[in-house]
$ cat final30.tsv   # TSV, C-alpha atoms
chain	number	residue	atom	x	y	z
A	1	MET	CA	0.00	0.00	0.00
A	2	LEU	CA	2.82	2.40	0.86
A	3	LYS	CA	4.45	1.78	-2.52
A	4	PHE	CA	1.11	2.43	-4.23
A	5	VAL	CA	0.58	5.72	-2.36
A	6	VAL	CA	4.10	6.97	-3.10
A	7	LYS	CA	3.74	6.05	-6.78
A	8	ARG	CA	0.42	7.90	-7.03
A	9	LEU	CA	1.87	10.96	-5.31
A	10	LEU	CA	4.80	11.06	-7.72
A	11	TRP	CA	2.44	10.80	-10.71
A	12	MET	CA	0.53	13.82	-9.39
A	13	ILE	CA	3.47	16.13	-10.11
A	14	PRO	CA	3.53	15.79	-13.94
A	15	SER	CA	-0.27	15.62	-13.95
A	16	LEU	CA	-0.54	18.98	-12.19
A	17	PHE	CA	1.98	20.56	-14.58
A	18	ALA	CA	0.11	19.25	-17.62
A	19	VAL	CA	-3.30	20.38	-16.33
A	20	SER	CA	-1.99	23.80	-15.29
A	21	PHE	CA	-0.58	24.39	-18.79
A	22	LEU	CA	-3.76	23.21	-20.52
A	23	ALA	CA	-5.88	25.37	-18.22
A	24	PHE	CA	-3.70	28.39	-18.89
A	25	VAL	CA	-4.05	27.84	-22.65
A	26	LEU	CA	-7.80	27.22	-22.57
A	27	ILE	CA	-8.50	30.33	-20.49
A	28	GLN	CA	-6.80	32.43	-23.17
A	29	LEU	CA	-8.47	30.74	-26.15
A	30	PRO	CA	-11.51	33.08	-26.30
A	31	PRO	CA	-10.90	36.19	-28.44
A	32	GLY	CA	-9.29	39.09	-26.61
A	33	ASP	CA	-8.00	39.20	-23.06
A	34	PHE	CA	-8.81	40.82	-19.73
A	35	VAL	CA	-8.10	44.29	-21.10
A	36	THR	CA	-10.51	43.66	-23.99
A	37	THR	CA	-13.22	42.61	-21.53
A	38	TYR	CA	-12.44	45.59	-19.32
A	39	ILE	CA	-12.72	48.02	-22.26
A	40	ALA	CA	-16.04	46.48	-23.31
A	41	THR	CA	-17.36	46.90	-19.76
A	42	LEU	CA	-16.37	50.56	-19.72
A	43	ALA	CA	-17.86	51.07	-23.18
A	44	SER	CA	-21.24	49.91	-21.87
A	45	SER	CA	-21.01	52.83	-19.39
A	46	ASN	CA	-20.10	55.29	-22.17
A	47	GLU	CA	-16.44	55.40	-21.12
A	48	VAL	CA	-13.82	55.16	-23.86
A	49	ILE	CA	-10.19	54.03	-23.52
A	50	ASP	CA	-7.75	54.89	-26.31
A	51	GLN	CA	-5.30	52.42	-27.81
A	52	ASN	CA	-2.30	53.86	-25.95
A	53	THR	CA	-3.99	53.38	-22.59
A	54	ALA	CA	-5.01	49.82	-23.58
A	55	ALA	CA	-1.40	49.05	-24.57
A	56	GLN	CA	-0.15	50.42	-21.22
A	57	LEU	CA	-2.67	48.21	-19.37
A	58	ARG	CA	-1.52	45.13	-21.28
A	59	GLU	CA	2.10	45.96	-20.47
A	60	ARG	CA	1.21	46.51	-16.81
A	61	PHE	CA	-0.53	43.12	-16.57
A	62	GLY	CA	2.12	41.33	-18.65
A	63	LEU	CA	-0.37	40.52	-21.40
A	64	ASP	CA	1.95	41.90	-24.08
A	65	GLN	CA	4.31	38.93	-23.60
A	66	PRO	CA	4.00	35.53	-25.37
A	67	MET	CA	1.67	33.09	-23.67
A	68	ILE	CA	4.44	30.61	-22.84
A	69	VAL	CA	6.40	33.36	-21.07
A	70	GLN	CA	3.32	34.31	-19.05
A	71	TYR	CA	2.79	30.67	-18.06
A	72	LEU	CA	6.42	30.08	-17.06
A	73	LYS	CA	6.44	33.21	-14.87
A	74	TRP	CA	3.16	32.19	-13.25
A	75	ILE	CA	4.12	28.56	-12.55
A	76	TRP	CA	7.59	29.54	-11.30
A	77	GLY	CA	6.01	31.98	-8.85
A	78	ILE	CA	3.82	29.15	-7.53
A	79	ILE	CA	6.73	26.72	-7.16
A	80	SER	CA	9.29	29.12	-5.72
A	81	ARG	CA	7.17	31.44	-3.55
A	82	GLY	CA	3.66	29.99	-3.43
A	83	ASP	CA	2.57	33.11	-5.31
A	84	PHE	CA	-0.42	32.56	-7.61
A	85	GLY	CA	-0.16	36.06	-9.05
A	86	ILE	CA	-2.36	39.14	-8.81
A	87	SER	CA	-5.99	39.10	-9.86
A	88	PHE	CA	-6.52	41.56	-12.72
A	89	GLU	CA	-10.11	42.31	-11.77
A	90	TRP	CA	-9.75	42.51	-7.99
A	91	GLN	CA	-6.16	43.85	-7.90
A	92	GLN	CA	-5.45	41.57	-4.95
A	93	PRO	CA	-3.25	38.49	-4.47
A	94	VAL	CA	-5.00	35.43	-5.88
A	95	SER	CA	-4.12	33.28	-2.87
A	96	GLY	CA	-5.90	35.67	-0.52
A	97	LEU	CA	-9.05	35.71	-2.66
A	98	ILE	CA	-9.15	31.92	-2.90
A	99	TRP	CA	-8.60	31.07	0.76
A	100	GLU	CA	-11.03	33.76	1.85
A	101	ARG	CA	-13.81	31.92	-0.01
A	102	MET	CA	-12.57	28.37	0.62
A	103	ALA	CA	-13.19	28.44	4.38
A	104	LEU	CA	-16.93	29.08	3.99
A	105	THR	CA	-17.07	26.70	1.01
A	106	LEU	CA	-15.53	23.94	3.14
A	107	VAL	CA	-17.98	24.49	5.99
A	108	LEU	CA	-20.97	24.41	3.64
A	109	ALA	CA	-19.73	21.33	1.80
A	110	LEU	CA	-18.93	19.33	4.95
A	111	VAL	CA	-22.28	20.10	6.60
A	112	SER	CA	-24.09	19.20	3.36
A	113	LEU	CA	-22.11	15.95	3.12
A	114	ILE	CA	-22.93	14.98	6.72
A	115	ALA	CA	-26.61	15.73	6.16
A	116	THR	CA	-26.63	13.78	2.89
A	117	TRP	CA	-24.97	10.65	4.32
A	118	ALA	CA	-27.00	10.79	7.55
A	119	LEU	CA	-30.20	10.61	5.47
A	120	ALA	CA	-29.16	8.47	2.49
A	121	LEU	CA	-27.52	5.61	4.42
A	122	PRO	CA	-30.39	4.62	6.76
A	123	ILE	CA	-33.13	5.37	4.22
A	124	GLY	CA	-31.39	3.34	1.51
A	125	VAL	CA	-30.90	0.37	3.85
A	126	TYR	CA	-34.50	0.58	5.07
A	127	SER	CA	-35.88	0.72	1.53
A	128	ALA	CA	-33.89	-2.39	0.59
A	129	VAL	CA	-34.79	-4.40	3.71
A	130	LYS	CA	-38.47	-3.35	3.58
A	131	LYS	CA	-38.75	-3.72	-0.18
A	132	TYR	CA	-42.14	-2.76	-1.66
A	133	SER	CA	-43.49	-1.59	1.71
A	134	ILE	CA	-45.36	1.68	2.23
A	135	GLY	CA	-42.17	3.24	3.58
A	136	ASP	CA	-40.22	2.10	0.53
A	137	TYR	CA	-42.81	3.59	-1.83
A	138	THR	CA	-42.81	6.84	0.19
A	139	PHE	CA	-39.04	7.22	0.04
A	140	THR	CA	-39.05	6.27	-3.66
A	141	ALA	CA	-41.48	9.11	-4.33
A	142	PHE	CA	-39.18	11.46	-2.37
A	143	THR	CA	-36.15	10.38	-4.41
A	144	PHE	CA	-37.94	10.95	-7.71
A	145	PHE	CA	-38.98	14.39	-6.46
A	146	GLY	CA	-35.43	15.24	-5.42
A	147	LEU	CA	-33.96	14.03	-8.72
A	148	SER	CA	-36.48	15.82	-10.92
A	149	ILE	CA	-36.48	19.27	-9.30
A	150	PRO	CA	-33.57	21.50	-10.47
A	151	PRO	CA	-31.60	22.77	-7.44
A	152	PHE	CA	-31.90	26.43	-8.49
A	153	LEU	CA	-35.71	26.10	-8.73
A	154	LEU	CA	-35.81	24.42	-5.33
A	155	ALA	CA	-33.68	27.27	-4.00
A	156	LEU	CA	-36.16	29.89	-5.25
A	157	VAL	CA	-39.14	28.01	-3.77
A	158	LEU	CA	-37.53	27.48	-0.37
A	159	MET	CA	-36.34	31.09	-0.27
A	160	TYR	CA	-39.90	32.26	-0.89
A	161	VAL	CA	-41.36	29.94	1.76
A	162	ALA	CA	-38.71	30.84	4.34
A	163	ALA	CA	-39.05	34.61	3.75
A	164	VAL	CA	-42.84	34.88	3.37
A	165	GLU	CA	-44.15	32.16	5.67
A	166	PHE	CA	-41.51	32.21	8.41
A	167	GLY	CA	-39.96	35.67	8.05
A	168	ALA	CA	-36.47	34.20	7.85
A	169	ASP	CA	-33.49	36.13	6.52
A	170	VAL	CA	-32.55	34.40	3.24
A	171	GLY	CA	-29.65	35.04	0.88
A	172	GLY	CA	-26.03	34.97	1.93
A	173	LEU	CA	-24.51	33.23	4.93
A	174	PHE	CA	-24.49	36.19	7.33
A	175	SER	CA	-26.72	39.01	8.43
A	176	PRO	CA	-25.58	42.47	7.19
A	177	GLU	CA	-24.14	43.43	10.57
A	178	TYR	CA	-21.91	40.33	10.68
A	179	GLU	CA	-20.59	40.25	7.09
A	180	ALA	CA	-17.52	42.39	7.80
A	181	ALA	CA	-17.28	41.59	11.52
A	182	SER	CA	-14.47	39.52	13.00
A	183	TRP	CA	-15.18	35.95	14.05
A	184	SER	CA	-16.96	35.49	17.37
A	185	LEU	CA	-19.55	33.21	18.96
A	186	ALA	CA	-22.29	35.58	17.82
A	187	LYS	CA	-21.06	35.45	14.20
A	188	MET	CA	-20.82	31.65	14.31
A	189	TYR	CA	-24.39	31.45	15.60
A	190	ASP	CA	-25.51	33.81	12.84
A	191	LEU	CA	-23.78	31.53	10.30
A	192	LEU	CA	-25.66	28.51	11.67
A	193	THR	CA	-29.00	30.31	11.40
A	194	HIS	CA	-28.32	30.99	7.69
A	195	LEU	CA	-26.71	27.64	6.89
A	196	TRP	CA	-29.81	25.45	7.00
A	197	LEU	CA	-31.30	26.72	3.72
A	198	PRO	CA	-28.32	26.08	1.38
A	199	VAL	CA	-27.61	22.79	3.18
A	200	ALA	CA	-31.20	21.64	2.63
A	201	ILE	CA	-31.08	22.58	-1.06
A	202	LEU	CA	-27.72	20.94	-1.73
A	203	ALA	CA	-28.55	17.83	0.31
A	204	ILE	CA	-31.92	17.02	-1.26
A	205	SER	CA	-30.72	16.18	-4.76
A	206	SER	CA	-27.58	14.40	-3.49
A	207	THR	CA	-29.59	12.41	-0.95
A	208	ALA	CA	-32.13	11.35	-3.56
A	209	SER	CA	-29.51	9.87	-5.89
A	210	LEU	CA	-27.55	8.13	-3.12
A	211	ILE	CA	-30.72	6.55	-1.68
A	212	ARG	CA	-31.36	4.87	-5.03
A	213	VAL	CA	-27.75	3.70	-5.24
A	214	MET	CA	-27.74	2.33	-1.69
A	215	ARG	CA	-31.09	0.57	-2.17
A	216	ALA	CA	-29.95	-1.05	-5.43
A	217	ASN	CA	-26.63	-2.22	-3.95
A	218	MET	CA	-28.26	-3.63	-0.82
A	219	LEU	CA	-30.83	-5.49	-2.93
A	220	ASP	CA	-27.93	-7.05	-4.87
A	221	GLU	CA	-26.18	-8.20	-1.69
A	222	LEU	CA	-29.06	-9.41	0.51
A	223	PRO	CA	-29.91	-12.55	-1.52
A	224	LYS	CA	-26.29	-13.75	-1.70
A	225	PRO	CA	-25.24	-17.00	0.04
A	226	TYR	CA	-22.95	-15.37	2.61
A	227	VAL	CA	-25.91	-13.38	3.99
A	228	THR	CA	-28.06	-16.52	4.19
A	229	THR	CA	-25.21	-18.38	5.94
A	230	ALA	CA	-24.69	-15.61	8.50
A	231	ARG	CA	-28.43	-15.49	9.18
A	232	ALA	CA	-28.54	-19.29	9.61
A	233	LYS	CA	-25.75	-19.14	12.18
A	234	GLY	CA	-27.97	-16.97	14.38
A	235	LEU	CA	-26.37	-13.57	13.78
A	236	SER	CA	-28.82	-10.79	14.65
A	237	GLU	CA	-30.34	-8.95	11.70
A	238	PHE	CA	-28.83	-5.61	12.68
A	239	ARG	CA	-25.30	-6.99	13.11
A	240	LEU	CA	-25.65	-8.98	9.91
A	241	LEU	CA	-26.59	-5.89	7.89
A	242	ILE	CA	-23.84	-3.74	9.36
A	243	LYS	CA	-21.07	-6.35	9.16
A	244	TYR	CA	-21.61	-7.78	5.68
A	245	PRO	CA	-23.93	-6.34	2.97
A	246	LEU	CA	-23.72	-2.72	4.14
A	247	ARG	CA	-19.93	-2.86	4.08
A	248	ILE	CA	-19.98	-3.93	0.44
A	249	ALA	CA	-22.78	-1.53	-0.51
A	250	LEU	CA	-20.74	1.43	0.80
A	251	ASN	CA	-18.43	1.31	-2.23
A	252	PRO	CA	-20.35	3.96	-4.24
A	253	PHE	CA	-20.37	6.29	-1.23
A	254	ILE	CA	-16.61	5.99	-0.86
A	255	SER	CA	-16.14	6.45	-4.60
A	256	THR	CA	-17.91	9.83	-4.41
A	257	ILE	CA	-14.92	11.22	-2.49
A	258	ALA	CA	-13.08	11.44	-5.82
A	259	TRP	CA	-15.47	14.12	-7.08
A	260	LEU	CA	-16.55	15.47	-3.71
A	261	LEU	CA	-13.33	17.43	-3.07
A	262	PRO	CA	-13.23	19.24	-6.45
A	263	ASN	CA	-16.96	19.85	-6.08
A	264	LEU	CA	-16.07	22.11	-3.13
A	265	ILE	CA	-14.97	24.71	-5.69
A	266	SER	CA	-16.86	24.09	-8.90
A	267	GLY	CA	-20.11	22.57	-7.66
A	268	SER	CA	-23.48	24.28	-7.21
A	269	VAL	CA	-22.56	27.46	-9.07
A	270	VAL	CA	-26.18	28.33	-9.91
A	271	VAL	CA	-27.41	27.66	-6.36
A	272	ALA	CA	-24.61	29.79	-4.91
A	273	ILE	CA	-25.51	32.66	-7.25
A	274	VAL	CA	-29.25	32.38	-6.51
A	275	LEU	CA	-28.63	32.38	-2.75
A	276	ASN	CA	-25.85	35.00	-2.98
A	277	LEU	CA	-23.41	32.73	-1.14
A	278	PRO	CA	-19.83	34.04	-0.63
A	279	THR	CA	-18.31	30.73	-1.72
A	280	ALA	CA	-15.70	29.78	-4.31
A	281	ALA	CA	-18.02	28.77	-7.18
A	282	PRO	CA	-19.34	32.28	-8.07
A	283	LEU	CA	-15.81	33.69	-7.93
A	284	LEU	CA	-14.59	30.98	-10.31
A	285	LEU	CA	-17.40	31.77	-12.77
A	286	GLN	CA	-16.71	35.50	-12.54
A	287	SER	CA	-12.98	35.00	-13.16
A	288	LEU	CA	-13.69	32.92	-16.27
A	289	MET	CA	-16.12	35.50	-17.66
A	290	ALA	CA	-13.62	38.32	-17.07
A	291	GLN	CA	-10.69	36.25	-18.45
A	292	ASP	CA	-8.86	36.87	-15.18
A	293	MET	CA	-6.37	34.16	-16.10
A	294	TYR	CA	-4.33	34.01	-12.89
A	295	LEU	CA	-7.40	33.72	-10.66
A	296	ALA	CA	-9.15	31.25	-12.99
A	297	GLY	CA	-5.95	29.27	-13.51
A	298	ALA	CA	-5.39	28.98	-9.76
A	299	PHE	CA	-8.94	27.66	-9.31
A	300	VAL	CA	-8.51	25.08	-12.10
A	301	LEU	CA	-5.16	23.99	-10.67
A	302	LEU	CA	-6.72	23.60	-7.23
A	303	ILE	CA	-9.64	21.61	-8.68
A	304	CYS	CA	-7.18	19.26	-10.40
A	305	ALA	CA	-5.15	18.79	-7.20
A	306	LEU	CA	-8.29	18.04	-5.19
A	307	THR	CA	-9.46	15.55	-7.84
A	308	LEU	CA	-6.17	13.65	-7.67
A	309	ILE	CA	-6.14	13.70	-3.86
A	310	GLY	CA	-9.80	12.63	-3.71
A	311	SER	CA	-9.14	9.72	-6.09
A	312	LEU	CA	-6.21	8.57	-3.97
A	313	ILE	CA	-8.22	8.75	-0.73
A	314	SER	CA	-11.10	6.92	-2.40
A	315	ASP	CA	-8.85	4.11	-3.65
A	316	ILE	CA	-7.22	3.66	-0.24
A	317	LEU	CA	-10.56	3.56	1.61
A	318	LEU	CA	-12.02	1.10	-0.91
A	319	ALA	CA	-9.08	-1.24	-0.34
A	320	LEU	CA	-9.58	-0.98	3.45
A	321	VAL	CA	-13.35	-1.41	3.47
A	322	ASP	CA	-13.89	-4.01	0.73
A	323	PRO	CA	-11.72	-7.15	1.11
A	324	ARG	CA	-12.38	-8.03	-2.55
A	325	ILE	CA	-10.39	-4.99	-3.76
A	326	ARG	CA	-6.63	-5.45	-3.90
A	327	LEU	CA	-3.82	-3.63	-5.69
A	328	GLU	CA	-3.15	-6.67	-7.84
$ encode --input "final30.tsv" --output "structure tokens"
Amino acid sequence: MLKFVVKRLLWMIPSLFAVSFLAFVLIQLPPGDFVTTYIATLASSNEVIDQNTAAQLRERFGLDQPMIVQYLKWIWGIISRGDFGISFEWQQPVSGLIWERMALTLVLALVSLIATWALALPIGVYSAVKKYSIGDYTFTAFTFFGLSIPPFLLALVLMYVAAVEFGADVGGLFSPEYEAASWSLAKMYDLLTHLWLPVAILAISSTASLIRVMRANMLDELPKPYVTTARAKGLSEFRLLIKYPLRIALNPFISTIAWLLPNLISGSVVVAIVLNLPTAAPLLLQSLMAQDMYLAGAFVLLICALTLIGSLISDILLALVDPRIRLE
């Protein structure tokens, strides 16, 4: 296992270089650059920038240099100093902008994950054990509802219900008086009072799909001979389910770790915009639209790194949980 982990870690290095270069190229493929987008934005407000000023802006941002030179300077800054560059649009260090959003993104994602697993695991097992019961049909209807309703539409409906029926403060993760305040117990409590709505929206669709997966996997395992043998030896039903079929049926849940980590950044963009959440996804979308290549490139590089790390963690956990999975 140690040899496998070291080998995977070493392969991550060229993978990250290749993805960072491809991302840097793709971000610059659309016509124009950040200065072009900036000029177009000013033109919509009846402000005009002459060619000399545009050339000075490109020289200031380093956009007058060949793309390969821009990439080498950017990647060398990351390797040597941990410097991801300066955001053109925000005129701030990229690392500061990213980590400022990542903390709240991580909190939201972890709470949503806990809520999703806490609901999907027991409901999926129950639906498989009590196949074709009233409870199974009820949860099946819930899963079809969760899978069919677009998250952004669900966000709008729940925002309306919470604001009109219950008078709750919706939109964002903090009340106006706490947005710029330093962290305290009062600010953490205010975060918790705003967190339930985005967590509910993000968890419903994820829970619905995982319930179906868990139910299907448990139904595949329950009729197998090893379950019948364990039951015949007098093992209690609860211990039997936990020790054998549930352990095998957990594979899809563990496999989701591979896309769960990158989903911290890129996932739920529309929901985050609808709810006005100060998370990483809206900032990533905004950087791509503005062709803010250093900010967008840093996000893409981080997504790639999290994907590789998530895949490694998923493979290790699968080998530990499922005795049928071996490196050979």
$ atom_distance --input "final30.tsv" --atom1 "CA of Asp190 in chain A" --atom2 "CA of Ala162 in chain A"
16.0 Å
$ residues_around --input "final30.tsv" --residues "range 100-111 of chain A" --least-positions-apart "5" --cutoff "12 Å" --atoms "all atoms listed in the file" --output "PyMOL selection string"
chain A and resi 92-95+116-118+172-174+188+191-192+194-203+206+257+260-269+272+277-284+299+302-303
$ closest_residue --input "final30.tsv" --among "A:Val213, A:Ile134, A:Ile13, A:Ile86" --to "Thr256 in chain A" --atoms "only C-alpha atoms"
A:Val213
$ atom_distance --input "final30.tsv" --atom1 "CA of Ser127 in chain A" --atom2 "CA of Arg215 in chain A"
6.1 Å
$ residues_around --input "final30.tsv" --residues "Leu210 in chain A" --least-positions-apart "2" --cutoff "10 Å" --atoms "all atoms listed in the file" --output "MDAnalysis selection string"
chainID A and resid 116:117 119:121 123:124 143 205:208 212:216 252:253 256
$ write_last_selection --input "final30.tsv" --atoms "C-alpha atoms" --output "compact mmCIF listing (two decimals), keeping the file's coordinate frame"
# COMPACT_ATOMS: atom_id res chain seq x y z
CA THR A 116 -26.63 13.78 2.89
CA TRP A 117 -24.97 10.65 4.32
CA LEU A 119 -30.20 10.61 5.47
CA ALA A 120 -29.16 8.47 2.49
CA LEU A 121 -27.52 5.61 4.42
CA ILE A 123 -33.13 5.37 4.22
CA GLY A 124 -31.39 3.34 1.51
CA THR A 143 -36.15 10.38 -4.41
CA SER A 205 -30.72 16.18 -4.76
CA SER A 206 -27.58 14.40 -3.49
CA THR A 207 -29.59 12.41 -0.95
CA ALA A 208 -32.13 11.35 -3.56
CA ARG A 212 -31.36 4.87 -5.03
CA VAL A 213 -27.75 3.70 -5.24
CA MET A 214 -27.74 2.33 -1.69
CA ARG A 215 -31.09 0.57 -2.17
CA ALA A 216 -29.95 -1.05 -5.43
CA PRO A 252 -20.35 3.96 -4.24
CA PHE A 253 -20.37 6.29 -1.23
CA THR A 256 -17.91 9.83 -4.41
$ closest_residue --input "final30.tsv" --among "A:Gly234, A:Pro30, A:Pro150, A:Pro122" --to "Gln291 in chain A" --atoms "all atoms listed in the file"
A:Pro30
$ decode --input "final30.tsv" --residues "range 73-146 of chain A" --atoms "C-alpha atoms" --output "PDB file, in the first residue's frame"
ATOM      1  CA  LYS A  73       6.440  33.209 -14.872  1.00  0.00           C
ATOM      2  CA  TRP A  74       3.159  32.185 -13.252  1.00  0.00           C
ATOM      3  CA  ILE A  75       4.124  28.557 -12.547  1.00  0.00           C
ATOM      4  CA  TRP A  76       7.594  29.536 -11.299  1.00  0.00           C
ATOM      5  CA  GLY A  77       6.006  31.985  -8.851  1.00  0.00           C
ATOM      6  CA  ILE A  78       3.815  29.154  -7.529  1.00  0.00           C
ATOM      7  CA  ILE A  79       6.734  26.721  -7.162  1.00  0.00           C
ATOM      8  CA  SER A  80       9.288  29.123  -5.719  1.00  0.00           C
ATOM      9  CA  ARG A  81       7.169  31.438  -3.554  1.00  0.00           C
ATOM     10  CA  GLY A  82       3.663  29.990  -3.429  1.00  0.00           C
ATOM     11  CA  ASP A  83       2.574  33.114  -5.309  1.00  0.00           C
ATOM     12  CA  PHE A  84      -0.422  32.559  -7.612  1.00  0.00           C
ATOM     13  CA  GLY A  85      -0.159  36.059  -9.048  1.00  0.00           C
ATOM     14  CA  ILE A  86      -2.361  39.137  -8.811  1.00  0.00           C
ATOM     15  CA  SER A  87      -5.994  39.096  -9.858  1.00  0.00           C
ATOM     16  CA  PHE A  88      -6.521  41.563 -12.719  1.00  0.00           C
ATOM     17  CA  GLU A  89     -10.114  42.314 -11.773  1.00  0.00           C
ATOM     18  CA  TRP A  90      -9.747  42.506  -7.992  1.00  0.00           C
ATOM     19  CA  GLN A  91      -6.162  43.845  -7.895  1.00  0.00           C
ATOM     20  CA  GLN A  92      -5.450  41.565  -4.948  1.00  0.00           C
ATOM     21  CA  PRO A  93      -3.251  38.485  -4.469  1.00  0.00           C
ATOM     22  CA  VAL A  94      -5.000  35.434  -5.879  1.00  0.00           C
ATOM     23  CA  SER A  95      -4.121  33.276  -2.871  1.00  0.00           C
ATOM     24  CA  GLY A  96      -5.899  35.670  -0.516  1.00  0.00           C
ATOM     25  CA  LEU A  97      -9.050  35.712  -2.658  1.00  0.00           C
ATOM     26  CA  ILE A  98      -9.154  31.920  -2.901  1.00  0.00           C
ATOM     27  CA  TRP A  99      -8.603  31.067   0.761  1.00  0.00           C
ATOM     28  CA  GLU A 100     -11.031  33.758   1.853  1.00  0.00           C
ATOM     29  CA  ARG A 101     -13.809  31.922  -0.006  1.00  0.00           C
ATOM     30  CA  MET A 102     -12.574  28.374   0.621  1.00  0.00           C
ATOM     31  CA  ALA A 103     -13.193  28.439   4.384  1.00  0.00           C
ATOM     32  CA  LEU A 104     -16.931  29.081   3.985  1.00  0.00           C
ATOM     33  CA  THR A 105     -17.072  26.696   1.011  1.00  0.00           C
ATOM     34  CA  LEU A 106     -15.525  23.940   3.135  1.00  0.00           C
ATOM     35  CA  VAL A 107     -17.983  24.494   5.994  1.00  0.00           C
ATOM     36  CA  LEU A 108     -20.969  24.413   3.645  1.00  0.00           C
ATOM     37  CA  ALA A 109     -19.733  21.325   1.796  1.00  0.00           C
ATOM     38  CA  LEU A 110     -18.929  19.334   4.952  1.00  0.00           C
ATOM     39  CA  VAL A 111     -22.278  20.099   6.596  1.00  0.00           C
ATOM     40  CA  SER A 112     -24.086  19.201   3.362  1.00  0.00           C
ATOM     41  CA  LEU A 113     -22.108  15.947   3.124  1.00  0.00           C
ATOM     42  CA  ILE A 114     -22.925  14.976   6.720  1.00  0.00           C
ATOM     43  CA  ALA A 115     -26.611  15.727   6.163  1.00  0.00           C
ATOM     44  CA  THR A 116     -26.625  13.775   2.891  1.00  0.00           C
ATOM     45  CA  TRP A 117     -24.972  10.653   4.319  1.00  0.00           C
ATOM     46  CA  ALA A 118     -27.001  10.792   7.550  1.00  0.00           C
ATOM     47  CA  LEU A 119     -30.200  10.615   5.473  1.00  0.00           C
ATOM     48  CA  ALA A 120     -29.158   8.474   2.495  1.00  0.00           C
ATOM     49  CA  LEU A 121     -27.522   5.608   4.416  1.00  0.00           C
ATOM     50  CA  PRO A 122     -30.389   4.620   6.762  1.00  0.00           C
ATOM     51  CA  ILE A 123     -33.133   5.367   4.222  1.00  0.00           C
ATOM     52  CA  GLY A 124     -31.389   3.337   1.511  1.00  0.00           C
ATOM     53  CA  VAL A 125     -30.904   0.375   3.848  1.00  0.00           C
ATOM     54  CA  TYR A 126     -34.498   0.581   5.073  1.00  0.00           C
ATOM     55  CA  SER A 127     -35.881   0.716   1.527  1.00  0.00           C
ATOM     56  CA  ALA A 128     -33.892  -2.390   0.586  1.00  0.00           C
ATOM     57  CA  VAL A 129     -34.787  -4.397   3.712  1.00  0.00           C
ATOM     58  CA  LYS A 130     -38.474  -3.350   3.580  1.00  0.00           C
ATOM     59  CA  LYS A 131     -38.746  -3.724  -0.184  1.00  0.00           C
ATOM     60  CA  TYR A 132     -42.142  -2.763  -1.659  1.00  0.00           C
ATOM     61  CA  SER A 133     -43.493  -1.592   1.708  1.00  0.00           C
ATOM     62  CA  ILE A 134     -45.363   1.682   2.227  1.00  0.00           C
ATOM     63  CA  GLY A 135     -42.171   3.239   3.578  1.00  0.00           C
ATOM     64  CA  ASP A 136     -40.222   2.096   0.532  1.00  0.00           C
ATOM     65  CA  TYR A 137     -42.806   3.592  -1.829  1.00  0.00           C
ATOM     66  CA  THR A 138     -42.813   6.840   0.186  1.00  0.00           C
ATOM     67  CA  PHE A 139     -39.040   7.217   0.037  1.00  0.00           C
ATOM     68  CA  THR A 140     -39.049   6.275  -3.656  1.00  0.00           C
ATOM     69  CA  ALA A 141     -41.478   9.110  -4.328  1.00  0.00           C
ATOM     70  CA  PHE A 142     -39.180  11.457  -2.373  1.00  0.00           C
ATOM     71  CA  THR A 143     -36.149  10.379  -4.407  1.00  0.00           C
ATOM     72  CA  PHE A 144     -37.942  10.947  -7.710  1.00  0.00           C
ATOM     73  CA  PHE A 145     -38.983  14.387  -6.460  1.00  0.00           C
ATOM     74  CA  GLY A 146     -35.430  15.239  -5.423  1.00  0.00           C
TER      75      GLY A 146
END
